[in-house]
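coords.cif, holding mmCIF, C-alpha atoms:
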data_query
#
loop_
_atom_site.label_atom_id
_atom_site.label_comp_id
_atom_site.auth_asym_id
_atom_site.auth_seq_id
_atom_site.Cartn_x
_atom_site.Cartn_y
_atom_site.Cartn_z
CA MET A 1 -6.50 5.71 27.32
CA LYS A 2 -2.93 4.42 27.53
CA LYS A 3 -4.24 0.86 27.17
CA ILE A 4 -6.21 1.86 24.06
CA PHE A 5 -3.13 3.38 22.40
CA THR A 6 -1.09 0.31 23.32
CA LEU A 7 -3.71 -1.98 21.76
CA MET A 8 -3.81 0.15 18.60
CA ALA A 9 -0.03 -0.03 18.33
CA VAL A 10 -0.12 -3.82 18.65
CA CYS A 11 -2.79 -4.10 15.94
CA LEU A 12 -0.81 -1.77 13.64
CA LEU A 13 2.28 -3.91 14.13
CA ALA A 14 0.22 -7.03 13.42
CA LEU A 15 -1.11 -5.50 10.20
CA VAL A 16 2.39 -4.65 9.02
CA SER A 17 3.70 -8.16 9.74
CA GLY A 18 0.51 -9.94 8.66
CA CYS A 19 -2.59 -9.56 10.83
CA GLY A 20 -4.27 -12.68 12.13
CA GLY A 21 -1.12 -14.73 11.55
CA GLN A 22 -1.56 -14.62 7.73
CA GLN A 23 1.87 -13.54 6.63
CA SER A 24 2.28 -12.32 3.06
CA SER A 25 5.48 -12.94 1.23
CA ALA A 26 6.67 -12.93 -2.37
CA PRO A 27 6.33 -16.34 -4.04
CA GLU A 28 9.48 -18.39 -4.24
CA PRO A 29 11.04 -18.67 -7.72
CA ALA A 30 9.70 -21.79 -9.44
CA ASP A 31 13.14 -23.37 -9.87
CA LYS A 32 14.84 -22.31 -6.63
CA GLY A 33 16.54 -25.11 -4.71
CA PRO A 34 16.32 -28.86 -5.41
CA VAL A 35 13.87 -29.67 -8.22
CA GLU A 36 12.06 -32.94 -8.85
CA LEU A 37 11.20 -32.98 -12.55
CA HIS A 38 8.41 -35.37 -13.53
CA VAL A 39 8.59 -36.64 -17.10
CA SER A 40 5.78 -38.69 -18.67
CA ALA A 41 7.20 -40.64 -21.60
CA ALA A 42 6.07 -43.34 -24.02
CA ALA A 43 7.18 -46.83 -22.95
CA SER A 44 9.26 -47.21 -26.11
CA LEU A 45 11.55 -44.44 -24.84
CA THR A 46 12.38 -46.19 -21.56
CA ASP A 47 15.99 -47.20 -22.21
CA VAL A 48 17.22 -44.06 -23.93
CA MET A 49 15.41 -41.67 -21.58
CA ASN A 50 16.80 -43.44 -18.51
CA GLU A 51 20.28 -42.85 -19.87
CA ILE A 52 19.55 -39.23 -20.76
CA GLY A 53 17.99 -38.61 -17.35
CA LYS A 54 21.10 -39.84 -15.55
CA ALA A 55 23.31 -37.67 -17.76
CA TYR A 56 21.17 -34.62 -16.98
CA GLU A 57 21.32 -35.27 -13.24
CA GLN A 58 25.11 -35.52 -13.40
CA GLU A 59 25.28 -32.07 -14.98
CA HIS A 60 22.54 -30.68 -12.72
CA PRO A 61 22.99 -32.19 -9.23
CA ASP A 62 20.16 -30.01 -7.90
CA VAL A 63 17.64 -31.75 -10.20
CA LYS A 64 16.14 -35.23 -9.86
CA VAL A 65 14.42 -36.55 -13.01
CA VAL A 66 11.49 -38.85 -12.25
CA PHE A 67 10.10 -40.81 -15.21
CA ASN A 68 6.62 -42.21 -15.63
CA TYR A 69 6.50 -44.63 -18.57
CA GLY A 70 3.40 -46.07 -20.19
CA SER A 71 1.25 -46.00 -23.28
CA SER A 72 0.88 -42.50 -24.70
CA GLY A 73 -2.89 -42.76 -24.37
CA ALA A 74 -2.76 -43.62 -20.67
CA LEU A 75 -0.24 -40.84 -20.02
CA GLN A 76 -2.44 -38.37 -21.89
CA GLN A 77 -5.43 -39.29 -19.72
CA ALA A 78 -3.38 -38.98 -16.54
CA ILE A 79 -2.27 -35.46 -17.56
CA GLU A 80 -5.86 -34.48 -18.40
CA ASN A 81 -6.93 -35.70 -14.96
CA GLY A 82 -4.35 -33.55 -13.20
CA GLY A 83 -1.55 -36.06 -12.78
CA ALA A 84 1.82 -34.63 -11.80
CA ALA A 85 3.96 -34.08 -14.90
CA ASP A 86 6.27 -31.34 -16.15
CA LEU A 87 6.96 -32.72 -19.64
CA PHE A 88 5.31 -35.19 -22.01
CA PHE A 89 7.08 -37.31 -24.63
CA SER A 90 4.49 -39.06 -26.82
CA ALA A 91 4.92 -41.84 -29.37
CA ALA A 92 2.31 -40.27 -31.65
CA GLN A 93 0.91 -36.91 -32.64
CA LYS A 94 -2.66 -37.85 -31.67
CA GLN A 95 -2.15 -37.70 -27.91
CA MET A 96 -0.09 -34.51 -28.03
CA ASP A 97 -2.66 -32.88 -30.34
CA ALA A 98 -5.40 -33.66 -27.81
CA LEU A 99 -3.49 -31.94 -25.00
CA ASP A 100 -2.65 -29.02 -27.27
CA LYS A 101 -6.33 -28.47 -28.14
CA GLN A 102 -7.16 -28.34 -24.44
CA GLY A 103 -4.50 -25.69 -23.82
CA LEU A 104 -2.42 -27.97 -21.61
CA LEU A 105 0.95 -27.35 -23.30
CA ALA A 106 3.30 -24.51 -22.42
CA ASP A 107 3.35 -22.02 -25.28
CA GLY A 108 6.11 -22.49 -27.83
CA THR A 109 7.61 -25.64 -26.30
CA ARG A 110 6.24 -28.37 -28.56
CA GLU A 111 8.68 -29.96 -30.95
CA GLU A 112 8.74 -32.97 -33.25
CA LEU A 113 11.59 -34.92 -31.71
CA LEU A 114 12.01 -38.37 -33.24
CA GLN A 115 10.94 -40.85 -35.89
CA ASN A 116 10.47 -44.61 -35.66
CA GLU A 117 9.08 -47.55 -37.65
CA VAL A 118 7.07 -50.71 -36.99
CA VAL A 119 8.51 -54.19 -37.40
CA LEU A 120 7.18 -57.73 -37.15
CA ILE A 121 9.01 -59.81 -34.55
CA VAL A 122 9.07 -63.46 -33.51
CA PRO A 123 10.84 -65.29 -30.65
CA LYS A 124 14.54 -65.67 -31.38
CA GLU A 125 14.25 -69.42 -31.02
CA GLY A 126 11.43 -70.77 -33.15
CA GLY A 127 9.10 -68.41 -34.96
CA ARG A 128 6.82 -71.03 -36.56
CA GLY A 129 8.25 -70.26 -39.97
CA ILE A 130 6.95 -66.68 -39.95
CA THR A 131 8.90 -64.60 -42.44
CA SER A 132 6.33 -62.02 -43.52
CA PHE A 133 3.14 -60.27 -42.44
CA ASP A 134 1.12 -62.59 -44.72
CA ALA A 135 2.20 -65.57 -42.63
CA LEU A 136 0.24 -64.27 -39.63
CA THR A 137 -3.00 -65.67 -41.04
CA GLY A 138 -1.55 -69.21 -41.24
CA ASP A 139 -2.90 -72.04 -39.07
CA ALA A 140 0.47 -72.45 -37.33
CA VAL A 141 0.13 -69.03 -35.71
CA ALA A 142 -1.98 -69.10 -32.54
CA HIS A 143 -1.32 -65.70 -30.94
CA VAL A 144 -0.32 -62.36 -32.46
CA ALA A 145 0.60 -59.64 -29.93
CA LEU A 146 -0.54 -56.09 -30.70
CA GLY A 147 -0.78 -52.87 -28.75
CA GLU A 148 -4.30 -52.01 -27.58
CA PRO A 149 -5.39 -49.69 -30.40
CA LYS A 150 -7.54 -47.26 -28.38
CA GLY A 151 -4.69 -45.87 -26.30
CA VAL A 152 -1.42 -47.44 -27.48
CA PRO A 153 0.09 -45.75 -30.55
CA VAL A 154 1.91 -48.87 -31.75
CA GLY A 155 -1.47 -50.61 -31.68
CA GLN A 156 -2.98 -47.86 -33.79
CA TYR A 157 -0.14 -48.08 -36.30
CA SER A 158 -0.41 -51.88 -36.30
CA GLU A 159 -4.10 -51.77 -37.18
CA GLU A 160 -3.35 -49.34 -39.99
CA ILE A 161 -0.68 -51.67 -41.36
CA LEU A 162 -2.74 -54.86 -41.11
CA THR A 163 -5.78 -53.13 -42.63
CA LYS A 164 -3.71 -51.78 -45.51
CA LEU A 165 -2.29 -55.28 -46.10
CA GLY A 166 -5.77 -56.84 -45.95
CA LEU A 167 -4.82 -59.02 -42.96
CA LEU A 168 -6.65 -57.54 -39.97
CA ASP A 169 -9.87 -59.53 -40.26
CA GLY A 170 -7.87 -62.74 -40.69
CA ILE A 171 -6.00 -62.36 -37.40
CA ARG A 172 -8.58 -60.75 -35.09
CA ALA A 173 -9.41 -64.06 -33.44
CA LYS A 174 -5.76 -64.70 -32.57
CA ALA A 175 -4.83 -61.16 -31.52
CA VAL A 176 -3.81 -60.47 -27.92
CA TYR A 177 -3.59 -56.83 -26.85
CA GLY A 178 -0.90 -55.33 -24.64
CA SER A 179 -1.22 -52.23 -22.46
CA ASP A 180 1.93 -50.75 -24.03
CA VAL A 181 4.61 -51.70 -26.55
CA ARG A 182 6.87 -53.21 -23.88
CA GLN A 183 4.18 -55.73 -22.92
CA VAL A 184 3.87 -56.76 -26.56
CA LEU A 185 7.64 -57.14 -26.70
CA ALA A 186 7.70 -59.23 -23.51
CA TRP A 187 5.00 -61.61 -24.75
CA VAL A 188 6.95 -62.36 -27.90
CA ALA A 189 10.29 -62.61 -26.07
CA SER A 190 8.82 -65.17 -23.65
CA GLY A 191 7.12 -67.18 -26.40
CA GLU A 192 3.64 -66.44 -25.07
CA ALA A 193 2.88 -64.93 -28.47
CA ASP A 194 4.07 -66.37 -31.78
CA ALA A 195 4.63 -62.92 -33.27
CA GLY A 196 4.02 -59.25 -32.55
CA LEU A 197 4.23 -55.77 -33.98
CA VAL A 198 6.52 -53.34 -32.13
CA TYR A 199 8.73 -50.37 -32.87
CA ALA A 200 12.10 -51.09 -34.43
CA THR A 201 13.79 -49.51 -31.41
CA ASP A 202 12.08 -51.90 -28.97
CA ALA A 203 13.09 -54.92 -31.02
CA ALA A 204 16.68 -53.66 -31.05
CA VAL A 205 17.03 -53.78 -27.24
CA GLU A 206 15.50 -57.23 -26.70
CA PRO A 207 17.91 -60.10 -27.49
CA SER A 208 15.17 -62.74 -27.21
CA VAL A 209 13.35 -61.61 -30.38
CA ARG A 210 14.27 -61.22 -34.01
CA VAL A 211 12.85 -59.01 -36.73
CA VAL A 212 11.41 -60.84 -39.73
CA ALA A 213 9.79 -57.94 -41.62
CA THR A 214 9.42 -54.17 -41.63
CA ALA A 215 6.08 -52.50 -42.32
CA PRO A 216 6.04 -51.52 -46.01
CA ALA A 217 6.21 -47.85 -46.86
CA GLY A 218 2.79 -46.25 -47.15
CA THR A 219 1.00 -48.69 -44.86
CA HIS A 220 0.80 -46.31 -41.91
CA LYS A 221 1.13 -42.67 -40.97
CA PRO A 222 4.66 -41.42 -40.25
CA ILE A 223 5.64 -42.38 -36.70
CA ILE A 224 6.64 -39.08 -35.14
CA TYR A 225 7.41 -38.56 -31.45
CA PRO A 226 6.48 -35.06 -30.26
CA ALA A 227 7.61 -33.60 -26.93
CA ALA A 228 6.45 -30.57 -24.96
CA VAL A 229 6.55 -28.87 -21.58
CA LEU A 230 3.18 -28.90 -19.82
CA LYS A 231 1.48 -25.62 -18.99
CA ASP A 232 0.92 -26.43 -15.31
CA THR A 233 4.57 -27.17 -14.57
CA LYS A 234 5.92 -25.46 -11.47
CA HIS A 235 9.45 -25.72 -12.90
CA LEU A 236 9.12 -24.05 -16.28
CA ASP A 237 12.76 -23.00 -16.65
CA THR A 238 14.10 -26.42 -15.65
CA ALA A 239 11.59 -28.23 -17.86
CA LYS A 240 12.58 -26.10 -20.87
CA ASP A 241 16.24 -26.70 -20.11
CA PHE A 242 15.69 -30.46 -19.91
CA LEU A 243 13.87 -30.49 -23.25
CA ALA A 244 16.73 -28.53 -24.85
CA PHE A 245 19.19 -30.97 -23.28
CA VAL A 246 17.32 -33.95 -24.75
CA SER A 247 17.73 -32.43 -28.21
CA ASN A 248 21.44 -31.62 -28.02
CA ASP A 249 24.09 -33.26 -30.20
CA LYS A 250 25.26 -35.69 -27.51
CA ASN A 251 21.76 -37.00 -27.00
CA LYS A 252 21.17 -37.26 -30.74
CA GLU A 253 23.98 -39.82 -30.58
CA ARG A 254 22.22 -41.61 -27.72
CA PHE A 255 18.96 -41.76 -29.68
CA ALA A 256 20.85 -43.08 -32.70
CA LYS A 257 22.42 -45.79 -30.53
CA TYR A 258 18.94 -46.99 -29.61
CA GLY A 259 17.77 -46.92 -33.23
CA PHE A 260 15.87 -43.64 -33.26
CA ALA A 261 16.23 -40.99 -35.93
CA LYS A 262 15.85 -37.24 -35.65
CA TYR A 263 12.59 -36.00 -37.16
CA GLY A 264 12.86 -35.77 -40.93
CA PHE A 265 15.42 -38.55 -41.35
CA GLU A 266 14.87 -42.25 -41.94
CA VAL A 267 15.51 -44.77 -39.18
CA LYS A 268 18.62 -46.79 -39.96
#
Turn the structure described in the file into structure tokens.
Amino acid sequence: MKKIFTLMAVCLLALVSGCGGQQSSAPEPADKGPVELHVSAAASLTDVMNEIGKAYEQEHPDVKVVFNYGSSGALQQAIENGGAADLFFSAAQKQMDALDKQGLLADGTREELLQNEVVLIVPKEGGRGITSFDALTGDAVAHVALGEPKGVPVGQYSEEILTKLGLLDGIRAKAVYGSDVRQVLAWVASGEADAGLVYATDAAVEPSVRVVATAPAGTHKPIIYPAAVLKDTKHLDTAKDFLAFVSNDKNKERFAKYGFAKYGFEVK
């Protein structure tokens, strides 16, 4: 009988502390301790976001900001497929809208962050006499670099522009398609392409290209960059804080330095 009572006492103790070795404990706060914040951002944001990320880490030594840059379409697909990301910065509304419709954004966190514009660039040395969009159909132009229109926003804007100008059919045979805007920029900078369409901000950070024309008003939809925290983030408070940090006055100055404008204002 004594053995039975002893066994019952042991089982009772095990139940209190977690029978069968399955201990129950309250979940840790999402943002307790060191945080690794994963940010998926359009390739055209690379330079400015790297600078902002470093500034945030200096103010928050317990946070490491890890960026994943690429075309907005590819980043959207990665998020849909369960890729690790806490925030998404898109170069177009289309990709953010798709995630929103699927309920993948944290409620109330989406904001229209920035505005940009599309420009026509050529290599700094040379350029084959290209001074306007119309010149792209000329015999002297062999390769025109564009973003891949299915998943790269700058490619989608470029097709809008060239269609509106009546030039798309005339350059299809000479078009080469990049996986993101930075590949388009690199092809023109290296001379592999005679010309290309990129964002004004990308052209501004590459000394090996020059801008010869800006897309005329009304030839494409407004280029708006939305940002949002993702619903599945495990660091909601930190992600919201980072998004607020990106939008503060100091970082507005950083965006301006790289040629971006706050939503609602023209790019200068």
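In this model, the gap between atom CA of A:Glu160 and atom CA of A:Lys221 comes to 8.1 Å.
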*asked:* On this structure, the PyMOL selection byres ((chain A and resi 144) around 8) would catch which residues? List them as an NGL selection string, sorted by chain and number.
replied: :A and (136 or 141-143 or 145-146 or 171 or 174-176 or 193-196)
*Taking the file above as input, evaluate the PyMOL selection byres ((chain A and resi 71) around 7) and report the hits as a PyMOL selection string.*
chain A and resi 42-43+70+72-75+151-152+179-180
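Selection check: the PyMOL selection byres ((chain A and resi 226) around 6) on the shown file gives Ser90, Glu111, Glu112, Leu113, Tyr225 and Ala227 of chain A.
If you measure from each of A:Lys164, A:Ala84, A:Glu125, A:Asp62 to A:Pro207 using only C-alpha atoms, the closest one turns out to be A:Glu125.
What separates atom CA of A:Glu36 from atom CA of A:Val65 is a distance of 6.0 Å.
The closest residue to A:Ala244, picked from A:Ala203, A:Val229, A:Ile161, A:Val66 and counting all atoms listed in the file, is A:Val229.
Rounded to one decimal, atom CA of A:Ile52 and atom CA of A:Arg254 lie 7.8 Å from each other.
Nearest-residue note for A:Lys240: choosing from A:Val184, A:Ala256, A:Val211, A:Ala228, the minimum distance belongs to A:Ala228, counting all atoms listed in the file.
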Spatial neighbours of stretch 56-61 of chain A, max dist 9 Å, only C-alpha atoms, sep filter under 3 positions, as a JSON list (two decimals) with C-alpha atoms, in the coordinates of the input:
[["chain", "number", "residue", "atom", "x", "y", "z"],
["A", 34, "PRO", "CA", 16.32, -28.86, -5.41],
["A", 51, "GLU", "CA", 20.28, -42.85, -19.87],
["A", 52, "ILE", "CA", 19.55, -39.23, -20.76],
["A", 53, "GLY", "CA", 17.99, -38.61, -17.35],
["A", 64, "LYS", "CA", 16.14, -35.23, -9.86],
["A", 65, "VAL", "CA", 14.42, -36.55, -13.01],
["A", 242, "PHE", "CA", 15.69, -30.46, -19.91],
["A", 245, "PHE", "CA", 19.19, -30.97, -23.28],
["A", 246, "VAL", "CA", 17.32, -33.95, -24.75]]
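The nearest approach to A:Val198 among the residues A:Leu236, A:Leu120, A:Ile224, A:Ala140, with only C-alpha atoms taken into account, belongs to A:Leu120.
Among the candidates A:Gly108, A:Gly178, A:Gly155, A:Gly129, the one nearest to A:Ala92 when counting only C-alpha atoms is A:Gly155.
Closest to A:Ala55 among A:Asn251, A:Ala186, A:Gly259, A:Ala173 is A:Asn251, based on only C-alpha atoms.
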